[in-house]
$ cat data.cif   # mmCIF, C-alpha atoms; chains and numbers go by the auth columns
data_run
#
loop_
_atom_site.group_PDB
_atom_site.id
_atom_site.type_symbol
_atom_site.label_atom_id
_atom_site.label_comp_id
_atom_site.label_asym_id
_atom_site.label_seq_id
_atom_site.Cartn_x
_atom_site.Cartn_y
_atom_site.Cartn_z
_atom_site.B_iso_or_equiv
_atom_site.auth_seq_id
_atom_site.auth_asym_id
ATOM 1 C CA MET A 1 -12.417 -24.638 10.518 0.00 1 A
ATOM 2 C CA ASP A 2 -16.109 -25.161 9.959 0.00 2 A
ATOM 3 C CA SER A 3 -18.157 -23.281 7.361 0.00 3 A
ATOM 4 C CA ALA A 4 -19.874 -21.012 9.896 0.00 4 A
ATOM 5 C CA GLU A 5 -16.542 -19.807 11.275 0.00 5 A
ATOM 6 C CA TYR A 6 -15.163 -19.278 7.767 0.00 6 A
ATOM 7 C CA GLU A 7 -18.248 -17.271 6.786 0.00 7 A
ATOM 8 C CA ARG A 8 -17.958 -15.126 9.933 0.00 8 A
ATOM 9 C CA LYS A 9 -14.338 -14.272 9.145 0.00 9 A
ATOM 10 C CA ILE A 10 -15.058 -13.477 5.505 0.00 10 A
ATOM 11 C CA ALA A 11 -18.013 -11.278 6.539 0.00 11 A
ATOM 12 C CA ALA A 12 -15.659 -9.245 8.741 0.00 12 A
ATOM 13 C CA ARG A 13 -13.535 -8.481 5.664 0.00 13 A
ATOM 14 C CA PHE A 14 -16.524 -6.962 3.846 0.00 14 A
ATOM 15 C CA THR A 15 -16.009 -3.537 5.440 0.00 15 A
ATOM 16 C CA THR A 16 -12.561 -3.287 3.878 0.00 16 A
ATOM 17 C CA PHE A 17 -14.225 -2.894 0.493 0.00 17 A
ATOM 18 C CA ASP A 18 -17.248 -0.870 1.602 0.00 18 A
ATOM 19 C CA GLN A 19 -15.293 2.395 1.569 0.00 19 A
ATOM 20 C CA ASP A 20 -18.306 4.647 2.124 0.00 20 A
ATOM 21 C CA GLY A 21 -19.932 2.450 4.773 0.00 21 A
ATOM 22 C CA ASN A 22 -23.314 2.292 3.060 0.00 22 A
ATOM 23 C CA GLY A 23 -23.717 -1.464 3.532 0.00 23 A
ATOM 24 C CA TYR A 24 -22.777 -2.642 0.068 0.00 24 A
ATOM 25 C CA ILE A 25 -19.782 -2.711 -2.246 0.00 25 A
ATOM 26 C CA SER A 26 -20.108 -0.869 -5.532 0.00 26 A
ATOM 27 C CA ARG A 27 -17.996 0.532 -8.335 0.00 27 A
ATOM 28 C CA GLU A 28 -17.932 3.815 -6.405 0.00 28 A
ATOM 29 C CA ASP A 29 -16.107 2.142 -3.510 0.00 29 A
ATOM 30 C CA PHE A 30 -13.292 1.232 -5.873 0.00 30 A
ATOM 31 C CA SER A 31 -13.179 4.776 -7.256 0.00 31 A
ATOM 32 C CA THR A 32 -13.100 6.150 -3.709 0.00 32 A
ATOM 33 C CA ALA A 33 -10.145 3.891 -2.940 0.00 33 A
ATOM 34 C CA ALA A 34 -8.321 5.128 -6.048 0.00 34 A
ATOM 35 C CA VAL A 35 -8.920 8.782 -5.115 0.00 35 A
ATOM 36 C CA ALA A 36 -7.620 8.183 -1.579 0.00 36 A
ATOM 37 C CA LEU A 37 -4.465 6.480 -2.839 0.00 37 A
ATOM 38 C CA LEU A 38 -3.740 9.142 -5.451 0.00 38 A
ATOM 39 C CA SER A 39 -4.187 11.849 -2.845 0.00 39 A
ATOM 40 C CA GLU A 40 -1.915 10.120 -0.338 0.00 40 A
ATOM 41 C CA PHE A 41 0.909 9.694 -2.819 0.00 41 A
ATOM 42 C CA GLY A 42 0.480 12.980 -4.687 0.00 42 A
ATOM 43 C CA ALA A 43 -0.396 11.482 -8.069 0.00 43 A
ATOM 44 C CA THR A 44 -3.031 12.867 -10.389 0.00 44 A
ATOM 45 C CA ALA A 45 -5.906 10.990 -11.966 0.00 45 A
ATOM 46 C CA ARG A 46 -4.738 11.989 -15.444 0.00 46 A
ATOM 47 C CA SER A 47 -1.189 10.741 -14.952 0.00 47 A
ATOM 48 C CA GLU A 48 -0.145 7.368 -16.337 0.00 48 A
ATOM 49 C CA LYS A 49 -0.095 5.915 -12.822 0.00 49 A
ATOM 50 C CA GLY A 50 -3.466 7.472 -12.025 0.00 50 A
ATOM 51 C CA GLN A 51 -5.055 6.061 -15.143 0.00 51 A
ATOM 52 C CA ALA A 52 -3.588 2.623 -14.413 0.00 52 A
ATOM 53 C CA LEU A 53 -5.017 2.793 -10.898 0.00 53 A
ATOM 54 C CA TYR A 54 -8.515 3.628 -12.153 0.00 54 A
ATOM 55 C CA ILE A 55 -8.318 0.907 -14.804 0.00 55 A
ATOM 56 C CA GLY A 56 -7.128 -1.577 -12.169 0.00 56 A
ATOM 57 C CA ALA A 57 -9.921 -0.519 -9.810 0.00 57 A
ATOM 58 C CA GLU A 58 -12.506 -1.032 -12.551 0.00 58 A
ATOM 59 C CA ALA A 59 -11.079 -4.456 -13.427 0.00 59 A
ATOM 60 C CA PHE A 60 -11.143 -5.439 -9.761 0.00 60 A
ATOM 61 C CA TRP A 61 -14.744 -4.271 -9.449 0.00 61 A
ATOM 62 C CA GLN A 62 -15.786 -6.183 -12.573 0.00 62 A
ATOM 63 C CA GLY A 63 -14.106 -9.357 -11.349 0.00 63 A
ATOM 64 C CA MET A 64 -15.611 -9.109 -7.909 0.00 64 A
ATOM 65 C CA ALA A 65 -19.078 -8.312 -9.296 0.00 65 A
ATOM 66 C CA GLY A 66 -18.803 -11.327 -11.577 0.00 66 A
ATOM 67 C CA ILE A 67 -18.157 -13.546 -8.586 0.00 67 A
ATOM 68 C CA ALA A 68 -20.489 -12.047 -6.019 0.00 68 A
ATOM 69 C CA ASP A 69 -23.226 -9.806 -7.496 0.00 69 A
ATOM 70 C CA ARG A 70 -25.822 -12.538 -7.779 0.00 70 A
ATOM 71 C CA ASP A 71 -28.811 -10.298 -8.535 0.00 71 A
ATOM 72 C CA GLY A 72 -26.988 -8.097 -11.061 0.00 72 A
ATOM 73 C CA ASP A 73 -27.871 -4.802 -9.368 0.00 73 A
ATOM 74 C CA GLN A 74 -24.256 -3.530 -9.468 0.00 74 A
ATOM 75 C CA ARG A 75 -24.056 -3.707 -5.673 0.00 75 A
ATOM 76 C CA ILE A 76 -22.566 -6.475 -3.584 0.00 76 A
ATOM 77 C CA THR A 77 -24.269 -6.975 -0.243 0.00 77 A
ATOM 78 C CA LYS A 78 -22.552 -8.677 2.669 0.00 78 A
ATOM 79 C CA PRO A 79 -24.473 -11.941 2.065 0.00 79 A
ATOM 80 C CA GLU A 80 -23.469 -11.849 -1.622 0.00 80 A
ATOM 81 C CA PHE A 81 -19.844 -11.164 -0.647 0.00 81 A
ATOM 82 C CA VAL A 82 -19.780 -14.063 1.801 0.00 82 A
ATOM 83 C CA GLY A 83 -21.610 -16.364 -0.612 0.00 83 A
ATOM 84 C CA GLY A 84 -19.218 -15.526 -3.428 0.00 84 A
ATOM 85 C CA ALA A 85 -16.220 -16.225 -1.227 0.00 85 A
ATOM 86 C CA VAL A 86 -17.617 -19.500 0.060 0.00 86 A
ATOM 87 C CA LYS A 87 -18.801 -20.804 -3.300 0.00 87 A
ATOM 88 C CA ARG A 88 -16.128 -19.517 -5.638 0.00 88 A
ATOM 89 C CA LEU A 89 -12.984 -18.609 -3.727 0.00 89 A
ATOM 90 C CA ARG A 90 -12.573 -20.701 -0.593 0.00 90 A
ATOM 91 C CA ASP A 91 -10.715 -23.449 -2.383 0.00 91 A
ATOM 92 C CA ASN A 92 -9.103 -21.195 -4.989 0.00 92 A
ATOM 93 C CA PRO A 93 -7.511 -18.080 -3.444 0.00 93 A
ATOM 94 C CA ALA A 94 -5.350 -17.699 -6.555 0.00 94 A
ATOM 95 C CA ARG A 95 -8.487 -16.743 -8.504 0.00 95 A
ATOM 96 C CA PHE A 96 -9.097 -13.796 -6.193 0.00 96 A
ATOM 97 C CA ALA A 97 -5.457 -12.787 -6.503 0.00 97 A
ATOM 98 C CA GLU A 98 -5.747 -12.680 -10.282 0.00 98 A
ATOM 99 C CA ILE A 99 -8.866 -10.528 -10.073 0.00 99 A
ATOM 100 C CA ALA A 100 -7.091 -8.112 -7.719 0.00 100 A
ATOM 101 C CA ARG A 101 -3.696 -8.134 -9.485 0.00 101 A
ATOM 102 C CA PRO A 102 -4.241 -5.199 -11.909 0.00 102 A
ATOM 103 C CA PHE A 103 -5.361 -2.993 -9.038 0.00 103 A
ATOM 104 C CA LEU A 104 -2.573 -4.132 -6.721 0.00 104 A
ATOM 105 C CA ASP A 105 0.035 -3.601 -9.459 0.00 105 A
ATOM 106 C CA ALA A 106 -1.261 -0.065 -9.959 0.00 106 A
ATOM 107 C CA VAL A 107 -1.226 0.611 -6.201 0.00 107 A
ATOM 108 C CA ILE A 108 2.395 -0.491 -6.076 0.00 108 A
ATOM 109 C CA ALA A 109 3.264 1.819 -8.968 0.00 109 A
ATOM 110 C CA VAL A 110 1.572 4.778 -7.258 0.00 110 A
ATOM 111 C CA ALA A 111 3.187 4.070 -3.876 0.00 111 A
ATOM 112 C CA ASP A 112 6.653 3.187 -5.227 0.00 112 A
ATOM 113 C CA GLY A 113 8.591 6.329 -4.370 0.00 113 A
ATOM 114 C CA ASP A 114 11.906 5.276 -5.875 0.00 114 A
ATOM 115 C CA GLY A 115 10.518 3.551 -8.967 0.00 115 A
ATOM 116 C CA ASP A 116 12.187 0.192 -8.387 0.00 116 A
ATOM 117 C CA GLY A 117 9.000 -1.858 -8.814 0.00 117 A
ATOM 118 C CA SER A 118 8.563 -2.656 -5.135 0.00 118 A
ATOM 119 C CA VAL A 119 7.466 -0.724 -2.084 0.00 119 A
ATOM 120 C CA SER A 120 8.878 -0.256 1.373 0.00 120 A
ATOM 121 C CA PRO A 121 6.959 -1.428 4.427 0.00 121 A
ATOM 122 C CA GLN A 122 6.353 2.266 5.188 0.00 122 A
ATOM 123 C CA GLU A 123 4.804 2.812 1.745 0.00 123 A
ATOM 124 C CA VAL A 124 2.559 -0.210 2.316 0.00 124 A
ATOM 125 C CA GLU A 125 1.544 1.294 5.647 0.00 125 A
ATOM 126 C CA ARG A 126 0.698 4.639 4.006 0.00 126 A
ATOM 127 C CA ALA A 127 -1.387 2.918 1.324 0.00 127 A
ATOM 128 C CA LEU A 128 -3.305 0.863 3.849 0.00 128 A
ATOM 129 C CA LYS A 129 -4.013 3.903 6.020 0.00 129 A
ATOM 130 C CA ALA A 130 -5.264 5.778 2.947 0.00 130 A
ATOM 131 C CA LEU A 131 -7.690 2.904 2.391 0.00 131 A
ATOM 132 C CA GLY A 132 -9.030 3.242 5.926 0.00 132 A
ATOM 133 C CA VAL A 133 -7.081 0.513 7.678 0.00 133 A
ATOM 134 C CA PRO A 134 -6.415 1.455 11.325 0.00 134 A
ATOM 135 C CA ALA A 135 -2.861 2.715 11.916 0.00 135 A
ATOM 136 C CA ASP A 136 -1.783 -0.140 14.199 0.00 136 A
ATOM 137 C CA ILE A 137 -2.950 -2.795 11.745 0.00 137 A
ATOM 138 C CA ALA A 138 -1.451 -0.924 8.776 0.00 138 A
ATOM 139 C CA SER A 139 1.893 -0.695 10.559 0.00 139 A
ATOM 140 C CA ALA A 140 1.941 -4.380 11.462 0.00 140 A
ATOM 141 C CA ALA A 141 0.920 -5.378 7.940 0.00 141 A
ATOM 142 C CA GLY A 142 3.599 -3.222 6.332 0.00 142 A
ATOM 143 C CA GLY A 143 6.354 -5.029 8.180 0.00 143 A
ATOM 144 C CA SER A 144 4.901 -8.514 7.945 0.00 144 A
ATOM 145 C CA LEU A 145 4.521 -8.365 4.157 0.00 145 A
ATOM 146 C CA ASP A 146 8.286 -8.201 3.716 0.00 146 A
ATOM 147 C CA THR A 147 8.520 -11.984 3.941 0.00 147 A
ATOM 148 C CA ASP A 148 12.170 -12.250 2.890 0.00 148 A
ATOM 149 C CA GLY A 149 13.351 -9.403 5.164 0.00 149 A
ATOM 150 C CA ASP A 150 15.023 -7.365 2.424 0.00 150 A
ATOM 151 C CA GLY A 151 13.243 -4.112 3.296 0.00 151 A
ATOM 152 C CA ARG A 152 11.153 -4.239 0.111 0.00 152 A
ATOM 153 C CA VAL A 153 7.689 -5.627 -0.497 0.00 153 A
ATOM 154 C CA THR A 154 7.242 -7.085 -3.952 0.00 154 A
ATOM 155 C CA GLU A 155 4.156 -7.574 -6.042 0.00 155 A
ATOM 156 C CA GLU A 156 4.223 -11.313 -5.409 0.00 156 A
ATOM 157 C CA GLU A 157 4.385 -10.801 -1.631 0.00 157 A
ATOM 158 C CA ILE A 158 1.466 -8.359 -1.757 0.00 158 A
ATOM 159 C CA VAL A 159 -0.708 -10.465 -4.065 0.00 159 A
ATOM 160 C CA ALA A 160 -0.143 -13.628 -2.020 0.00 160 A
ATOM 161 C CA ALA A 161 -0.935 -11.879 1.260 0.00 161 A
ATOM 162 C CA PHE A 162 -3.992 -10.163 -0.210 0.00 162 A
ATOM 163 C CA ALA A 163 -5.411 -13.427 -1.529 0.00 163 A
ATOM 164 C CA ALA A 164 -4.753 -15.215 1.739 0.00 164 A
ATOM 165 C CA TYR A 165 -6.359 -12.494 3.843 0.00 165 A
ATOM 166 C CA PHE A 166 -9.526 -12.250 1.788 0.00 166 A
ATOM 167 C CA THR A 167 -10.090 -15.908 1.026 0.00 167 A
ATOM 168 C CA VAL A 168 -8.416 -18.008 3.705 0.00 168 A
ATOM 169 C CA PRO A 169 -9.245 -17.804 7.403 0.00 169 A
ATOM 170 C CA GLU A 170 -6.598 -16.521 9.800 0.00 170 A
#
$ encode --input "data.cif" --output "structure tokens"
Amino acid sequence: MDSAEYERKIAARFTTFDQDGNGYISREDFSTAAVALLSEFGATARSEKGQALYIGAEAFWQGMAGIADRDGDQRITKPEFVGGAVKRLRDNPARFAEIARPFLDAVIAVADGDGDGSVSPQEVERALKALGVPADIASAAGGSLDTDGDGRVTEEEIVAAFAAYFTVPE
């Protein structure tokens, strides 16, 4: 795949992070995502899981800003997002996974209804819908993330899929 095609696909992923649709990614988008997830799963911000989610969201924001916020204005524009992915992540999707891991771990903890450390495909679907993913895509993703077919989606399955989706073309 040539660079132009890669950049086009990465640009399409920008809207996933721009929760409020204002044309840039900011710390507030990560807070909005945390609020939506806590609401969906009935957790409070002051609970241990809620606090972990906010801490994970902040860590994710800081990591992403460090990669992409080239002008230091605490906002990541689409060109900055694409440039950061092309220059810093295209050949190293594991780096993006490590930036996202604290947030993803906290999302799993919030969504994990039975407390076994993994989530069901249905819980993945609920989380994705809460984050604004269309229902049909959320449903398909929930099932496809269970790569070993055991009915559970583990942290490793989620982190690997997340990194691949946001850094490697389809």
$ closest_residue --input "data.cif" --among "A:Gln19, A:Thr147, A:Ser26, A:Thr154" --to "Val107 in chain A" --atoms "all atoms listed in the file"
A:Thr154
$ resolve_selection --input "data.cif" --expression "the PyMOL selection byres ((chain A and resi 86-89) around 12)" --output "CSV table (one decimal) with C-alpha atoms, keeping the file's coordinate frame"
chain,number,residue,atom,x,y,z
A,2,ASP,CA,-16.1,-25.2,10.0
A,3,SER,CA,-18.2,-23.3,7.4
A,4,ALA,CA,-19.9,-21.0,9.9
A,5,GLU,CA,-16.5,-19.8,11.3
A,6,TYR,CA,-15.2,-19.3,7.8
A,7,GLU,CA,-18.2,-17.3,6.8
A,8,ARG,CA,-18.0,-15.1,9.9
A,9,LYS,CA,-14.3,-14.3,9.1
A,10,ILE,CA,-15.1,-13.5,5.5
A,11,ALA,CA,-18.0,-11.3,6.5
A,63,GLY,CA,-14.1,-9.4,-11.3
A,64,MET,CA,-15.6,-9.1,-7.9
A,66,GLY,CA,-18.8,-11.3,-11.6
A,67,ILE,CA,-18.2,-13.5,-8.6
A,68,ALA,CA,-20.5,-12.0,-6.0
A,70,ARG,CA,-25.8,-12.5,-7.8
A,79,PRO,CA,-24.5,-11.9,2.1
A,80,GLU,CA,-23.5,-11.8,-1.6
A,81,PHE,CA,-19.8,-11.2,-0.6
A,82,VAL,CA,-19.8,-14.1,1.8
A,83,GLY,CA,-21.6,-16.4,-0.6
A,84,GLY,CA,-19.2,-15.5,-3.4
A,85,ALA,CA,-16.2,-16.2,-1.2
A,90,ARG,CA,-12.6,-20.7,-0.6
A,91,ASP,CA,-10.7,-23.4,-2.4
A,92,ASN,CA,-9.1,-21.2,-5.0
A,93,PRO,CA,-7.5,-18.1,-3.4
A,94,ALA,CA,-5.4,-17.7,-6.6
A,95,ARG,CA,-8.5,-16.7,-8.5
A,96,PHE,CA,-9.1,-13.8,-6.2
A,97,ALA,CA,-5.5,-12.8,-6.5
A,98,GLU,CA,-5.7,-12.7,-10.3
A,99,ILE,CA,-8.9,-10.5,-10.1
A,163,ALA,CA,-5.4,-13.4,-1.5
A,164,ALA,CA,-4.8,-15.2,1.7
A,165,TYR,CA,-6.4,-12.5,3.8
A,166,PHE,CA,-9.5,-12.2,1.8
A,167,THR,CA,-10.1,-15.9,1.0
A,168,VAL,CA,-8.4,-18.0,3.7
A,169,PRO,CA,-9.2,-17.8,7.4
$ resolve_selection --input "data.cif" --expression "the PyMOL selection byres ((chain A and resi 16) around 10)" --output "list in words"
Ala12, Arg13, Phe14, Thr15, Phe17, Asp18, Gln19, Asp20, Gly21, Ile25, Asp29, Leu131, Gly132, Val133 and Phe166 of chain A
$ residues_around --input "data.cif" --residues "range 119-124 of chain A" --least-positions-apart "3" --cutoff "10 Å" --atoms "only C-alpha atoms" --output "count of residues only"
31
$ resolve_selection --input "data.cif" --expression "the PyMOL selection byres ((chain A and resi 54) around 9)" --output "number ranges by chain"
A: 30-31, 34-35, 45, 49-53, 55-59, 103, 106
$ atom_distance --input "data.cif" --atom1 "CA of Glu156 in chain A" --atom2 "CA of Asp105 in chain A"
9.7 Å
$ atom_distance --input "data.cif" --atom1 "CA of Leu38 in chain A" --atom2 "CA of Glu125 in chain A"
14.6 Å
$ atom_distance --input "data.cif" --atom1 "CA of Arg101 in chain A" --atom2 "CA of Leu37 in chain A"
16.1 Å
$ closest_residue --input "data.cif" --among "A:Glu48, A:Gln62, A:Asp71, A:Ala100" --to "Phe162 in chain A" --atoms "all atoms listed in the file"
A:Ala100
$ closest_residue --input "data.cif" --among "A:Arg46, A:Phe60, A:Pro134, A:Ala65" --to "Ala33 in chain A" --atoms "all atoms listed in the file"
A:Phe60
$ axis_aligned_box --input "data.cif" --around "range 49-66 of chain A" --padding-each-side "4 Å" --output "AutoDock Vina command-line options"
--center_x -9.6 --center_y -1.9 --center_z -11.5 --size_x 27.0 --size_y 26.8 --size_z 15.2
